[in-house]
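**Student:** Below is the structure I would like to discuss, written out as structure tokens.
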Amino acid sequence: MAASATETAISAIRQLIIEGTLRPGSRLPAEPELAAQLGLSRNTLREAVRALVTARVLDVRRGDGTYVTSLEPQLLLEGIGFAVELMQEDRWLELLELRRILEPAATALAAERAPADAVAQLAHHLTALERSEGESRVKLDIEFHARIAAASGNQTLASMVAGVHSHTVHARTWHGLLDSDANRRAQDEHEAIYDAIARRDGALAHSTALMHVANTERWYRQMLGHGAGEHGAAGPAVVPSAG
């Protein structure tokens, strides 16, 4: 099927960015000039610009013009979280599988790269997490893992982890309601993850994070009646935990 005029216009603008004609932070030519340059109607160009604004590629500044954004990963990958929120329950296990791939890698990198102040902040956050409960605990749990991913020094990876976390919160909340010991076990696992990072042991950090995510995934599979061994659930035999 042939691409629509708007899709063609989007591709043309993207190509200008890819080839470096338009760089991060640069201002686009005036609408009549850019439309003529790309061989587009001004209406088609406007539609393309609107789409690229939504994708956080362009930023329209009223009275000043249209600019290319910073194109930083946290901007461009915001759409992951939005897409994840729209996914149906029959895909939640796939999200947990993805988290099992991404989060241990981010945790291992954090152990190797995190600056001392970031490790100290993790310790304070861990204390706050231990004292929290209910929705507050869920939010602090998400932030704990986000801080670790940010400490990996890989913005793209951190943005992907954040996007996946936007939906796995449902599994954590449900687990906390059904299992009174879940928070305690999760805290123990969080402390093990922190200790590995503080010791700068990347291999241990990877394994503790993998165990933590595998616990949540295994529990969730059991709740859905899949059983722990289906669909390639990883990790040794473990008890379920939140987080």
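Within each chain, counting starts at residue 1; across the structure tokens, chains are named A, B, ... in the order shown, with ligands numbered 1 upward in that order.
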Give the alpha helix (DSSP H) residues of region 3-44 of chain A, as assigned by DSSP on the backbone, as a list in words.
**Tutor:**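 Of region 3-44 of chain A, the ones in alpha helix (DSSP H) are Ala5, Thr6, Glu7, Thr8, Ala9, Ile10, Ser11, Ala12, Ile13, Arg14, Gln15, Leu16, Ile17, Ile18, Glu31, Pro32, Glu33, Leu34, Ala35, Ala36, Gln37, Leu38, Arg42, Asn43 and Thr44 of chain A.
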**Student:** Looking at A:Val138, A:Leu224, A:Ile148, A:Gly163, which one is nearest to Ala186 (chain A), with distances taken over only C-alpha atoms?
**Tutor:**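 Smallest distance to Ala186 (chain A) is found for A:Val138.
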**Student:** What residues in region 10-197 of chain A get the DSSP label strand (DSSP E or B)? Please answer as a list in words.
**Tutor:**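 Here are the strand (DSSP E or B) residues of region 10-197 of chain A: Arg27, Leu58, Asp59, Val60, Arg61, Gly65, Thr66, Tyr67 and Val68 of chain A.
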**Student:** With N, CA, C and O atoms retained, export the selected residues as a PDB file, in the first residue's frame.
**Tutor:**
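The result, stored in again_28.pdb:
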ATOM      1  N   ARG A  27      16.506  25.172  14.350  1.00  0.00           N
ATOM      2  CA  ARG A  27      15.201  25.693  13.941  1.00  0.00           C
ATOM      3  C   ARG A  27      14.915  25.276  12.509  1.00  0.00           C
ATOM      4  O   ARG A  27      15.773  25.366  11.640  1.00  0.00           O
ATOM      5  N   LEU A  58       9.937  17.073  17.201  1.00  0.00           N
ATOM      6  CA  LEU A  58       9.876  18.510  16.960  1.00  0.00           C
ATOM      7  C   LEU A  58       9.157  19.204  18.107  1.00  0.00           C
ATOM      8  O   LEU A  58       8.350  18.594  18.814  1.00  0.00           O
ATOM      9  N   ASP A  59       9.451  20.488  18.251  1.00  0.00           N
ATOM     10  CA  ASP A  59       8.829  21.305  19.286  1.00  0.00           C
ATOM     11  C   ASP A  59       8.409  22.636  18.665  1.00  0.00           C
ATOM     12  O   ASP A  59       9.267  23.370  18.151  1.00  0.00           O
ATOM     13  N   VAL A  60       7.107  22.896  18.665  1.00  0.00           N
ATOM     14  CA  VAL A  60       6.605  24.157  18.114  1.00  0.00           C
ATOM     15  C   VAL A  60       6.569  25.195  19.224  1.00  0.00           C
ATOM     16  O   VAL A  60       5.902  25.004  20.239  1.00  0.00           O
ATOM     17  N   ARG A  61       7.294  26.286  19.021  1.00  0.00           N
ATOM     18  CA  ARG A  61       7.339  27.369  19.998  1.00  0.00           C
ATOM     19  C   ARG A  61       6.548  28.541  19.428  1.00  0.00           C
ATOM     20  O   ARG A  61       6.979  29.155  18.443  1.00  0.00           O
ATOM     21  N   GLY A  65       8.793  29.660  16.120  1.00  0.00           N
ATOM     22  CA  GLY A  65       9.084  28.700  15.076  1.00  0.00           C
ATOM     23  C   GLY A  65       9.069  27.272  15.582  1.00  0.00           C
ATOM     24  O   GLY A  65       8.676  26.986  16.718  1.00  0.00           O
ATOM     25  N   THR A  66       9.506  26.363  14.720  1.00  0.00           N
ATOM     26  CA  THR A  66       9.531  24.939  15.045  1.00  0.00           C
ATOM     27  C   THR A  66      10.978  24.483  15.139  1.00  0.00           C
ATOM     28  O   THR A  66      11.792  24.772  14.254  1.00  0.00           O
ATOM     29  N   TYR A  67      11.284  23.760  16.192  1.00  0.00           N
ATOM     30  CA  TYR A  67      12.650  23.335  16.461  1.00  0.00           C
ATOM     31  C   TYR A  67      12.736  21.813  16.577  1.00  0.00           C
ATOM     32  O   TYR A  67      11.784  21.149  17.003  1.00  0.00           O
ATOM     33  N   VAL A  68      13.901  21.290  16.239  1.00  0.00           N
ATOM     34  CA  VAL A  68      14.193  19.892  16.530  1.00  0.00           C
ATOM     35  C   VAL A  68      14.464  19.804  18.035  1.00  0.00           C
ATOM     36  O   VAL A  68      15.157  20.658  18.596  1.00  0.00           O
TER      37      VAL A  68
END
**Student:** Using only C-alpha atoms, can you tell me which of A:Leu95, A:Leu126, A:Met211, A:Ala118 comes closest to Ala151 (chain A)?
**Tutor:**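 Going through A:Leu95, A:Leu126, A:Met211, A:Ala118 one by one, the smallest distance to Ala151 (chain A) is for A:Ala118.
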